[in-house]
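Q: Below you'll find the structure I mean.
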There are 4 protein chains.
Amino acid sequence: MSGNTIGKLFSVTSFGESHGPAIGCVVDGCPPGLVLSEADIQPDLDRRKPGTSKFVTQRKEADAVKILSGVYEGQTTGTPIALLIENSDQRSYDYDKIKEVFRPNHADYAYIQKYGRRDPRGGGRSSARETAVRVAAAAIAKKYLREKLSTVIRGYCAQIGPLQLLAPTTEALWQTVEQNPFFCADLTRVEELEAYMTQLRRDGDSVGARINVEASHVPPGLGEPVYDRLDADLAYALMSINAVKGVEIGDGFAVVNQRGSEGRDEMTPAGFLANHSGGTAGGISTGQNIRCSIALKPTSSITIPGKTIDVDGHATEMRTTGRHDPCVGIRATPIAEAMVAIVLMDHFLRNRAQNGDVVPVTPII
Amino acid sequence: MSGNTIGKLFSVTSFGESHGPAIGCVVDGCPPGLVLSEADIQPDLDRRKPGTSKFVTQRKEADAVKILSGVYEGQTTGTPIALLIENSDQRSYDYDKIKEVFRPNHADYAYIQKYGRRDPRGGGRSSARETAVRVAAAAIAKKYLREKLSTVIRGYCAQIGPLQLLAPTTEALWQTVEQNPFFCADLTRVEELEAYMTQLRRDGDSVGARINVEASHVPPGLGEPVYDRLDADLAYALMSINAVKGVEIGDGFAVVNQRGSEGRDEMTPAGFLANHSGGTAGGISTGQNIRCSIALKPTSSITIPGKTIDVDGHATEMRTTGRHDPCVGIRATPIAEAMVAIVLMDHFLRNRAQNGDVVPVTPII
Amino acid sequence: MSGNTIGKLFSVTSFGESHGPAIGCVVDGCPPGLVLSEADIQPDLDRRKPGTSKFVTQRKEADAVKILSGVYEGQTTGTPIALLIENSDQRSYDYDKIKEVFRPNHADYAYIQKYGRRDPRGGGRSSARETAVRVAAAAIAKKYLREKLSTVIRGYCAQIGPLQLLAPTTEALWQTVEQNPFFCADLTRVEELEAYMTQLRRDGDSVGARINVEASHVPPGLGEPVYDRLDADLAYALMSINAVKGVEIGDGFAVVNQRGSEGRDEMTPAGFLANHSGGTAGGISTGQNIRCSIALKPTSSITIPGKTIDVDGHATEMRTTGRHDPCVGIRATPIAEAMVAIVLMDHFLRNRAQNGDVVPVTPII
Amino acid sequence: MSGNTIGKLFSVTSFGESHGPAIGCVVDGCPPGLVLSEADIQPDLDRRKPGTSKFVTQRKEADAVKILSGVYEGQTTGTPIALLIENSDQRSYDYDKIKEVFRPNHADYAYIQKYGRRDPRGGGRSSARETAVRVAAAAIAKKYLREKLSTVIRGYCAQIGPLQLLAPTTEALWQTVEQNPFFCADLTRVEELEAYMTQLRRDGDSVGARINVEASHVPPGLGEPVYDRLDADLAYALMSINAVKGVEIGDGFAVVNQRGSEGRDEMTPAGFLANHSGGTAGGISTGQNIRCSIALKPTSSITIPGKTIDVDGHATEMRTTGRHDPCVGIRATPIAEAMVAIVLMDHFLRNRAQNGDVVPVTPII
């Protein structure tokens, strides 16, 4: 199958360019009987939406999703669910000037090398606008997992540039995450974040970020080793997000300088004593919380001029004006959650295929 | 398709348990006309083989590979290539005592939760012994890529526990990597590494490691966004290696605290001025070197006792004796190279399907 | 992957119900650089469209296709092409009465058994309306194959009920096929066909049909044995058309009583002496014309009452009024062509992946 | 995925050539807990085995299967099951003379066109010897389906050349099928069949056959429309058998001249009144018996000389001596059953993934 489908049993096939008439997807494999309407999907889209604060791109998009199929009398029927989001704010004149130039660190050059052409309007297919589709599709997975298994998937911003941010260790802190444009768990840091972002804008620069995602109430047994491990599929799905350059499960790169005696998650009849492994062992979920983390690079769309070449190979300079996120990580939290949701949903179905609806021995947690 | 196949067009379907009669795989999709014999595969297997130094498991395995199909008169025919490696040193008595106990941080518990049973002999299917199969299959990909595209895929150990090791920046240093059991680029550090490992063994403990892989002469245009990006598939393949907890492409997690003005790879008519991105943009290879990195956790098979439970849920303690690698990262270099090779080969074929044998405009490098 | 995608490299993911807001698909894997607009797709849709003669359903659908993505400045970009066809004539009141009853020989009962529910409006997902999507997607494949390889894919009606119809053996006869609503190669039979259909309508009954498809200028070498043979994938694709109960390649069931000495296609330096095999050997195209044939059953939507049960399991009778095709085979010719086109396109790409753009030794034909 | 894997969740990846050291496969996705040993597989292999009567090829093969993985303490573990069958009777000297010549109607020419080379020993990969692998893999599916669902899959020979044979309508007749080398349900016809075959051998000719397969106790709900319908996947799997040129489900091509009023399977509270449809509706199993039928062409390996060309394109003649089946259909019954079993098993798992282990409303049959 071609590269725009993710998931083997809960599969999302995505389409659309930044400045085409619409973006959307086909979700195939959703079990029948899930109560579903646009109202279940819109909230996550609104969390990712551009233009919600002055720290993100000012592109105005309603991001209103329409369900075109697969739902009858308010419930999923088991047939494909098509989702459509029209592009309303397609200011393609912004992009005419970059048609002849490869923006450094953008996909422009690679697309030309691959396809011999590219759609330069807003990055075309390589635009992060496509991630709206993932968020929409994942909202279905999230709802199914929550209703069927009580699985909850939540992310937060763990770091923006040099600013390390608190992890939400309580329900109250998880609520806080939703109450500020940075998906930050500590409202006392928001002012500092705002000041940092304002200075960044003034500098005409951008910065990276780290987003963490946690999934709780994940049933044990998900994952299909030796290749389609749960952690391997999470790595694939998370690395497929625009600008992501690193993925960690559990302690991640901290394990390099860890001893076996510290890093193992000992078990007792009352449960695990730690969760260094991030909820998987041998590529299969253990019932502990899934913990994963991604690193997003700073966007290359900045106003500080950079060296590049044009389509004829001549040297030139490039500074990107227009509407851009100075830290693409800010809006990445719902996207990261989405990828985790799609992977968990897919693996829930894959495990059920082989092992049936068996009630596992009550797992320790 | 089920979880033991990697690759869509160059696909490797793996089978076998640590203590069954044999492990092996079927490689489907290899182009016809490649000169191939066991002698092309054995060297990489020998690099990964156990028992080659006192710092790795003392299990004795010849790891002799047999080609069962797909080669006629010394050349591949385009039909499936089956590879078989017999298990010769199956001391399963070592494992009888762990049959009733879940080793902490091992896959034991997860396998039971998933399948309702497990093969406890040497970890069964979850054993890293399976990675021999990957190395064997990848040797075919490596040879094809080298002969067809001059692509070279090489890895080295970048860190063992606290000891950070030199990157091989010259051909001479890449040769050095092959001249010591640690895949280390600096022979002056080998003594220190030996001392560290010896102390670790005495402590009955284990430690993590970081392995880096570089691929040079990778044609631009490989990768199938938006999901099957080259970097996403690399993340999947590398995370599927036993004990891996983190994957980075290019600068990896360092991008979190990077500015857009520093992190972008500026371009000139003479080539890229940097390679922060690790050879991909928008999920497509740029022609620069692919750079990736993995973190391997310390093995949990240590002699320091750890808390755990038995299959009846009762508390117990576990200390793992037997033959184990105190640092599984030591033998992971050829395995990491293997996963990169399989992914590049698969994407070379996928790109050729859609874009044909087009000669790209001479890419800048 | 789930069941609504056909093709591995040229893949079509279909969605939509008979009486939902729209049907459509995502075509992934189309090579870049194909000149494409709605005008390339509409003609095939018009050939399949309902309401074009009094011998088919009177449902009025413009079947106007919109391209939502994957085309920039009139050429395909290599990214997914989404096609959308709005449903305009959704008279769902026609179907309210059948909501509680299983129409005999329809998919109603099977859908309920599978999904626990069904969309009864016009058969929902099981309606042959979905085949419009296939015709639209295949128009892209047809154009690519024709321009790149001169491959031409054409079908005709070979039999309606007892009436056996001439095969178009000349270009003029192939033109004739397009000049009557039956896709019949002999205009002198059209009156007879009209009389037969008129009588059938009066009887309130329906009848089966046989459609043949031929593809010429198919390059040798397409097909991926041992399973994904070209003929096997054709059988799959053709059997997936609503109402199809049989598929033949070449001589089909006539081979049962054939001798090896008559059935073999002897070869000479000037070409093959016969084409019993229908253009494949060992599951691979030989360069001869692909010849295949399908049998379509009579629709069960007839006004003659039939025994059935309702959703509570009680006996009842059913007669289907409303808008129906008395011979679904009449409109099946473009659909059968479509499936052949999708399969050939997919196999062209699959073969190119493994074997590259090699120019074959001039094949004999 | 490449072309040598069948099945998405119960997947069989096949390898091996007629005259290589071994043939075999990897079965991935078999649920854990199935009691399994070689003794469960061997009987079906023995039914297909060459050399069992004078009416089939005299090649001597023990066809002894070995399980290399996936079974522990007599039960499947849920991990891949590798099956190996060594080739013992590889008289490749028989084939040296055909190395330079394309046998008419064989795969020789197509393989050369595709791969630029071929393994001429016994047809290499295109040999029907590979079907032993399918039979072996399917024995696992058959056992699972029988034990879990009471599904029974049985085939018989319905026609050899002009001789039409009785359908086994009783259990006693199904027993008879197993008591003669023709898989014929009527022992009174065996003498006639023997005489016919003897004459055919004397003529140096071969003939076609029709094999029918029936599956009973198939749960309703299997099949994934709109493409991966149960009947579509059956058509694919059956057409992938060597020499098959036609596939029918239910009444097959007889529907062409059928009226809707005769062809529909009316329903009553006591069950269906007919099974014209062959057990599927809308591509989904109804709970009725699955009925399908294949046409196998006469083998082209005959001693009557035929016109052909050599690898240099020169005209020549060919007569095939050596060991061949004068009617490949004779040994095709277990192979046809195998393909049906693999498809049903795969669809059982696919349906369970989406719809869970739901107990359907007691279906009418």
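Chain lettering (A, B, ...) mirrors the order of the structure tokens, residue numbering begins at 1 for each chain separately, and ligand numbering begins at 1 in order of display.
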Onto chain A, please fit chain D by least squares using all C-alpha atoms in order, then return the transformed chain as a compact mmCIF listing (two decimals) with C-alpha atoms, in the first residue's frame.
A:
# COMPACT_ATOMS: atom_id res chain seq x y z
CA MET D 1 0.01 0.03 0.05
CA SER D 2 1.19 3.52 -0.60
CA GLY D 3 2.58 5.90 1.96
CA ASN D 4 -0.47 7.92 2.92
CA THR D 5 -2.16 5.24 4.95
CA ILE D 6 -1.38 4.55 8.59
CA GLY D 7 -2.68 1.54 10.46
CA LYS D 8 -3.38 -1.97 9.27
CA LEU D 9 -6.81 -2.61 10.78
CA PHE D 10 -7.77 0.87 11.93
CA SER D 11 -6.38 2.58 8.89
CA VAL D 12 -6.34 6.26 8.09
CA THR D 13 -5.74 7.28 4.47
CA SER D 14 -4.95 10.96 4.26
CA PHE D 15 -5.16 13.41 1.38
CA GLY D 16 -4.93 17.10 0.67
CA GLU D 17 -2.59 20.02 0.28
CA SER D 18 -2.19 23.16 2.31
CA HIS D 19 -3.81 25.33 -0.32
CA GLY D 20 -6.02 22.92 -2.21
CA PRO D 21 -9.79 23.00 -1.82
CA ALA D 22 -9.83 20.56 1.10
CA ILE D 23 -7.93 18.07 3.21
CA GLY D 24 -9.40 14.91 4.62
CA CYS D 25 -9.11 11.20 5.16
CA VAL D 26 -10.83 7.86 5.03
CA VAL D 27 -10.91 5.93 8.29
CA ASP D 28 -11.41 2.26 7.59
CA GLY D 29 -11.88 -0.44 10.19
CA CYS D 30 -13.68 1.45 12.95
CA PRO D 31 -15.93 -1.04 14.72
CA PRO D 32 -19.66 -0.55 14.29
CA GLY D 33 -21.87 0.85 17.02
CA LEU D 34 -19.78 3.78 18.17
CA VAL D 35 -21.92 6.86 18.75
CA LEU D 36 -20.26 9.47 16.57
CA SER D 37 -20.88 12.93 15.21
CA GLU D 38 -18.80 15.91 14.19
CA ALA D 39 -19.13 17.18 17.76
CA ASP D 40 -16.90 14.32 18.91
CA ILE D 41 -14.15 15.36 16.54
CA GLN D 42 -14.27 19.14 16.53
CA PRO D 43 -12.85 19.75 20.04
CA ASP D 44 -9.51 18.13 19.24
CA LEU D 45 -9.36 20.01 15.95
CA ASP D 46 -9.96 23.22 17.86
CA ARG D 47 -7.09 22.43 20.20
CA ARG D 48 -4.74 22.13 17.20
CA LYS D 49 -6.25 24.98 15.18
CA PRO D 50 -4.08 27.87 13.99
CA GLY D 51 -4.77 31.42 15.01
CA THR D 52 -5.79 30.73 18.57
CA SER D 53 -3.07 32.80 20.19
CA LYS D 54 -0.47 35.27 19.04
CA PHE D 55 2.22 32.63 19.48
CA VAL D 56 1.10 30.52 16.56
CA THR D 57 0.47 31.09 12.88
CA GLN D 58 -2.26 33.65 12.19
CA ARG D 59 -3.76 31.64 9.36
CA LYS D 60 -7.50 31.62 9.92
CA GLU D 61 -9.07 28.23 9.50
CA ALA D 62 -12.41 27.15 10.91
CA ASP D 63 -11.17 23.56 10.57
CA ALA D 64 -14.77 22.47 10.55
CA VAL D 65 -14.95 18.74 9.95
CA LYS D 66 -17.71 16.99 8.01
CA ILE D 67 -18.44 13.27 8.20
CA LEU D 68 -19.27 12.07 4.69
CA SER D 69 -19.88 8.37 5.29
CA GLY D 70 -19.81 5.47 7.69
CA VAL D 71 -22.27 6.85 10.23
CA TYR D 72 -25.98 6.07 10.19
CA GLU D 73 -28.47 7.33 12.73
CA GLY D 74 -25.63 8.61 14.88
CA GLN D 75 -23.63 5.40 15.05
CA THR D 76 -20.74 4.02 13.08
CA THR D 77 -21.75 1.24 10.73
CA GLY D 78 -18.42 -0.53 10.37
CA THR D 79 -17.90 0.91 6.87
CA PRO D 80 -15.36 3.61 5.95
CA ILE D 81 -15.72 6.99 7.63
CA ALA D 82 -14.69 9.82 5.33
CA LEU D 83 -13.78 13.12 6.98
CA LEU D 84 -13.54 16.39 5.09
CA ILE D 85 -12.07 19.71 6.19
CA GLU D 86 -12.30 22.54 3.71
CA ASN D 87 -9.42 24.96 3.39
CA SER D 88 -10.81 28.43 3.72
CA ASP D 89 -7.78 30.69 4.15
CA GLN D 90 -5.64 29.86 1.14
CA ARG D 91 -3.57 32.97 0.63
CA SER D 92 -1.41 31.43 -2.03
CA TYR D 93 -0.03 34.77 -3.13
CA ASP D 94 2.15 34.50 -0.05
CA TYR D 95 3.94 31.65 -1.67
CA ASP D 96 4.48 32.70 -5.25
CA LYS D 97 7.85 34.15 -4.49
CA ILE D 98 9.19 30.91 -3.09
CA LYS D 99 8.22 28.91 -6.12
CA GLU D 100 11.65 29.22 -7.67
CA VAL D 101 13.69 28.84 -4.51
CA PHE D 102 14.31 25.94 -2.15
CA ARG D 103 13.66 27.08 1.39
CA PRO D 104 16.54 25.70 3.49
CA ASN D 105 15.57 22.77 5.70
CA HIS D 106 12.14 22.58 4.14
CA ALA D 107 10.88 19.70 2.06
CA ASP D 108 11.03 21.74 -1.16
CA TYR D 109 14.28 20.34 -2.45
CA ALA D 110 13.49 16.74 -1.48
CA TYR D 111 10.09 16.87 -3.17
CA ILE D 112 11.61 18.14 -6.39
CA GLN D 113 14.25 15.41 -6.27
CA LYS D 114 11.59 12.77 -5.74
CA TYR D 115 8.67 13.85 -7.89
CA GLY D 116 10.31 16.24 -10.35
CA ARG D 117 7.79 18.89 -9.27
CA ARG D 118 6.08 20.30 -6.20
CA ASP D 119 3.08 22.29 -5.15
CA PRO D 120 4.67 25.40 -3.62
CA ARG D 121 1.46 26.83 -2.18
CA GLY D 122 2.04 26.67 1.54
CA GLY D 123 4.32 23.69 1.19
CA GLY D 124 1.63 21.71 -0.60
CA ARG D 125 1.48 18.18 0.72
CA SER D 126 4.48 18.68 3.01
CA SER D 127 2.66 21.31 5.05
CA ALA D 128 1.84 20.58 8.67
CA ARG D 129 -1.71 21.49 7.74
CA GLU D 130 -2.15 17.79 6.95
CA THR D 131 -1.86 17.01 10.64
CA ALA D 132 -5.39 18.35 11.13
CA VAL D 133 -6.53 15.21 9.36
CA ARG D 134 -4.66 13.03 11.84
CA VAL D 135 -6.21 14.82 14.77
CA ALA D 136 -9.67 14.37 13.28
CA ALA D 137 -9.22 10.66 12.58
CA ALA D 138 -7.68 10.06 15.97
CA ALA D 139 -10.64 11.63 17.74
CA ILE D 140 -12.60 8.58 16.63
CA ALA D 141 -9.95 6.24 18.00
CA LYS D 142 -9.75 8.19 21.23
CA LYS D 143 -13.49 7.98 21.74
CA TYR D 144 -13.60 4.26 21.03
CA LEU D 145 -10.68 3.50 23.33
CA ARG D 146 -12.09 5.66 26.11
CA GLU D 147 -15.54 4.12 25.96
CA LYS D 148 -14.46 0.54 25.41
CA LEU D 149 -11.33 0.35 27.55
CA SER D 150 -11.25 3.56 29.60
CA THR D 151 -7.98 4.34 27.89
CA VAL D 152 -7.05 8.01 28.17
CA ILE D 153 -4.37 9.57 25.99
CA ARG D 154 -3.00 12.95 27.02
CA GLY D 155 -0.04 15.07 26.06
CA TYR D 156 1.70 18.15 27.32
CA CYS D 157 4.56 20.40 26.46
CA ALA D 158 7.65 19.33 28.42
CA GLN D 159 10.11 21.87 27.07
CA ILE D 160 10.26 24.88 24.77
CA GLY D 161 13.79 25.84 23.84
CA PRO D 162 15.67 26.12 27.11
CA LEU D 163 12.54 26.24 29.26
CA GLN D 164 11.84 22.90 30.90
CA LEU D 165 8.28 22.52 32.07
CA LEU D 166 6.60 20.58 34.83
CA ALA D 167 5.03 17.19 34.16
CA PRO D 168 1.32 17.01 35.06
CA THR D 169 1.37 14.49 37.88
CA THR D 170 -2.15 15.13 39.13
CA GLU D 171 -5.56 15.38 37.53
CA ALA D 172 -5.60 19.07 38.39
CA LEU D 173 -2.37 19.62 36.52
CA TRP D 174 -3.73 17.75 33.51
CA GLN D 175 -6.62 20.21 33.57
CA THR D 176 -4.16 23.07 33.66
CA VAL D 177 -2.54 21.77 30.49
CA GLU D 178 -5.75 22.57 28.63
CA GLN D 179 -6.01 26.08 30.04
CA ASN D 180 -3.15 27.79 28.23
CA PRO D 181 -1.99 27.97 24.65
CA PHE D 182 1.28 26.18 25.44
CA PHE D 183 -0.25 22.96 26.80
CA CYS D 184 1.88 23.67 29.84
CA ALA D 185 1.10 22.08 33.21
CA ASP D 186 2.22 25.06 35.27
CA LEU D 187 0.29 28.31 34.86
CA THR D 188 3.02 30.19 36.76
CA ARG D 189 5.34 29.59 33.83
CA VAL D 190 2.99 30.93 31.17
CA GLU D 191 4.13 34.51 31.52
CA GLU D 192 7.72 33.44 31.11
CA LEU D 193 6.82 31.42 28.05
CA GLU D 194 5.00 34.36 26.55
CA ALA D 195 7.97 36.62 27.10
CA TYR D 196 10.26 34.06 25.55
CA MET D 197 8.09 33.66 22.50
CA THR D 198 7.70 37.38 22.08
CA GLN D 199 11.45 37.83 22.09
CA LEU D 200 11.80 34.98 19.62
CA ARG D 201 9.38 36.68 17.24
CA ARG D 202 11.33 39.89 17.57
CA ASP D 203 14.53 38.00 16.75
CA GLY D 204 12.82 36.62 13.69
CA ASP D 205 13.83 33.19 14.87
CA SER D 206 12.21 29.93 15.94
CA VAL D 207 12.90 27.22 18.50
CA GLY D 208 12.37 23.52 19.17
CA ALA D 209 10.23 21.76 21.74
CA ARG D 210 9.63 18.50 23.51
CA ILE D 211 6.16 17.01 23.83
CA ASN D 212 5.33 14.11 26.12
CA VAL D 213 2.34 11.82 25.80
CA GLU D 214 0.93 9.43 28.34
CA ALA D 215 -1.71 6.79 27.83
CA SER D 216 -3.35 5.22 30.84
CA HIS D 217 -5.60 2.18 31.13
CA VAL D 218 -3.94 0.55 28.16
CA PRO D 219 -4.77 -3.15 28.20
CA PRO D 220 -1.79 -5.48 28.41
CA GLY D 221 -1.04 -7.55 25.34
CA LEU D 222 -1.03 -4.90 22.60
CA GLY D 223 1.83 -5.12 20.11
CA GLU D 224 2.85 -7.62 17.43
CA PRO D 225 6.53 -8.50 17.74
CA VAL D 226 9.03 -8.99 16.40
CA TYR D 227 8.64 -6.04 14.03
CA ASP D 228 5.24 -4.49 14.63
CA ARG D 229 5.96 -3.97 18.30
CA LEU D 230 3.81 -1.41 20.01
CA ASP D 231 6.84 0.79 20.66
CA ALA D 232 8.08 0.41 17.08
CA ASP D 233 4.74 1.47 15.67
CA LEU D 234 4.62 4.38 18.13
CA ALA D 235 8.07 5.44 16.97
CA TYR D 236 6.95 5.27 13.35
CA ALA D 237 3.77 7.22 13.96
CA LEU D 238 5.41 9.90 16.08
CA MET D 239 8.39 10.31 13.76
CA SER D 240 5.95 10.83 10.88
CA ILE D 241 4.84 14.13 12.43
CA ASN D 242 6.34 17.12 10.67
CA ALA D 243 9.53 18.43 12.33
CA VAL D 244 9.99 15.47 14.71
CA LYS D 245 13.63 14.36 14.97
CA GLY D 246 13.57 12.06 17.98
CA VAL D 247 11.29 9.61 19.76
CA GLU D 248 11.62 8.07 23.18
CA ILE D 249 9.66 5.36 24.95
CA GLY D 250 9.86 5.36 28.74
CA ASP D 251 13.23 6.60 29.91
CA GLY D 252 14.44 6.96 26.33
CA PHE D 253 18.02 8.08 25.91
CA ALA D 254 18.51 8.21 29.66
CA VAL D 255 18.93 4.42 29.54
CA VAL D 256 22.33 4.79 27.90
CA ASN D 257 23.89 5.60 31.23
CA GLN D 258 21.61 3.47 33.34
CA ARG D 259 22.45 0.30 35.22
CA GLY D 260 20.29 -2.80 34.83
CA SER D 261 19.74 -2.75 38.56
CA GLU D 262 18.19 0.71 38.45
CA GLY D 263 16.39 0.58 35.12
CA ARG D 264 14.32 -2.54 35.58
CA ASP D 265 10.70 -2.26 36.62
CA GLU D 266 10.42 -4.64 39.52
CA MET D 267 7.11 -6.35 40.11
CA THR D 268 5.15 -7.14 43.24
CA PRO D 269 1.72 -8.63 43.74
CA ALA D 270 0.53 -5.05 44.23
CA GLY D 271 1.94 -3.92 40.92
CA PHE D 272 5.04 -2.62 39.24
CA LEU D 273 7.43 -0.59 41.39
CA ALA D 274 8.53 1.69 38.55
CA ASN D 275 7.82 2.46 34.90
CA HIS D 276 11.20 3.05 33.31
CA SER D 277 10.14 1.04 30.32
CA GLY D 278 7.21 3.29 29.48
CA GLY D 279 4.59 0.61 29.48
CA THR D 280 6.02 -1.93 27.05
CA ALA D 281 8.15 -5.04 27.36
CA GLY D 282 9.30 -7.04 24.37
CA GLY D 283 7.24 -4.65 22.27
CA ILE D 284 3.99 -5.54 24.04
CA SER D 285 2.01 -3.35 26.42
CA THR D 286 2.26 -4.39 30.06
CA GLY D 287 -0.76 -2.54 31.39
CA GLN D 288 1.39 0.24 32.80
CA ASN D 289 1.01 3.72 31.40
CA ILE D 290 2.50 4.20 27.94
CA ARG D 291 4.98 7.08 28.17
CA CYS D 292 6.56 8.58 25.11
CA SER D 293 8.29 11.75 24.12
CA ILE D 294 9.15 13.57 20.90
CA ALA D 295 11.59 16.29 19.90
CA LEU D 296 10.39 18.85 17.37
CA LYS D 297 12.92 20.96 15.55
CA PRO D 298 12.54 24.71 15.17
CA THR D 299 10.74 25.63 11.99
CA SER D 300 12.98 26.89 9.21
CA SER D 301 10.43 29.48 8.21
CA ILE D 302 12.13 32.46 9.84
CA THR D 303 12.84 35.99 8.82
CA ILE D 304 16.59 35.76 9.41
CA PRO D 305 17.98 35.32 5.89
CA GLY D 306 19.58 31.99 5.07
CA LYS D 307 21.70 30.75 2.20
CA THR D 308 20.02 28.58 -0.36
CA ILE D 309 19.79 27.85 -4.09
CA ASP D 310 17.10 28.39 -6.66
CA VAL D 311 15.67 25.78 -8.98
CA ASP D 312 18.41 26.51 -11.48
CA GLY D 313 21.07 25.81 -8.87
CA HIS D 314 22.15 29.41 -8.38
CA ALA D 315 23.05 30.76 -4.98
CA THR D 316 20.50 33.02 -3.34
CA GLU D 317 19.19 34.05 0.06
CA MET D 318 15.87 33.32 1.62
CA ARG D 319 13.90 34.85 4.44
CA THR D 320 10.45 33.52 5.07
CA THR D 321 7.78 36.04 5.87
CA GLY D 322 4.10 35.20 6.03
CA ARG D 323 2.23 33.32 8.71
CA HIS D 324 4.28 30.81 10.65
CA ASP D 325 4.58 29.19 14.03
CA PRO D 326 7.76 30.36 15.75
CA CYS D 327 7.59 27.10 17.71
CA VAL D 328 5.76 24.34 15.88
CA GLY D 329 5.89 22.36 19.07
CA ILE D 330 3.21 24.57 20.62
CA ARG D 331 0.46 23.10 18.49
CA ALA D 332 2.00 19.61 18.39
CA THR D 333 0.47 18.27 21.60
CA PRO D 334 -2.85 17.21 20.08
CA ILE D 335 -1.02 15.83 17.07
CA ALA D 336 1.24 13.67 19.19
CA GLU D 337 -1.78 12.41 21.13
CA ALA D 338 -3.45 11.63 17.81
CA MET D 339 -0.63 9.42 16.61
CA VAL D 340 -0.58 7.51 19.89
CA ALA D 341 -4.34 7.04 19.68
CA ILE D 342 -4.23 5.71 16.12
CA VAL D 343 -1.49 3.23 17.01
CA LEU D 344 -3.22 1.99 20.15
CA MET D 345 -6.51 1.57 18.31
CA ASP D 346 -4.85 -0.34 15.50
CA HIS D 347 -3.08 -2.61 17.93
CA PHE D 348 -6.21 -3.19 19.97
CA LEU D 349 -7.85 -4.54 16.81
CA ARG D 350 -4.78 -6.50 15.75
CA ASN D 351 -4.54 -8.16 19.14
CA ARG D 352 -8.24 -8.94 19.15
CA ALA D 353 -7.94 -10.60 15.75
CA GLN D 354 -5.40 -13.11 17.00
CA ASN D 355 -6.36 -13.45 20.62
CA GLY D 356 -10.06 -12.70 20.63
CA ASP D 357 -12.06 -10.85 23.24
CA VAL D 358 -10.40 -12.80 26.03
CA VAL D 359 -10.61 -11.21 29.42
CA PRO D 360 -7.02 -11.19 30.59
CA VAL D 361 -6.09 -12.38 34.02
CA THR D 362 -6.46 -9.16 36.00
CA PRO D 363 -3.17 -7.53 35.21
CA ILE D 364 -1.09 -5.96 37.88
CA ILE D 365 -0.48 -2.29 37.31
Q: Would you list, as JSON, numbers by chain, the residues of region 296-363 of chain A that end up in alpha helix (DSSP H) under DSSP run on this structure's backbone?
A: {"A": [332, 333, 334, 335, 336, 337, 338, 339, 340, 341, 342, 343, 344, 345, 346, 347, 348, 349, 350, 351, 352, 353, 354, 355]}
Q: Write down as a ChimeraX atom specification the residues of region 228-270 of chain B whose backbone DSSP state falls under strand (DSSP E).
A: /B:244-249,267-268
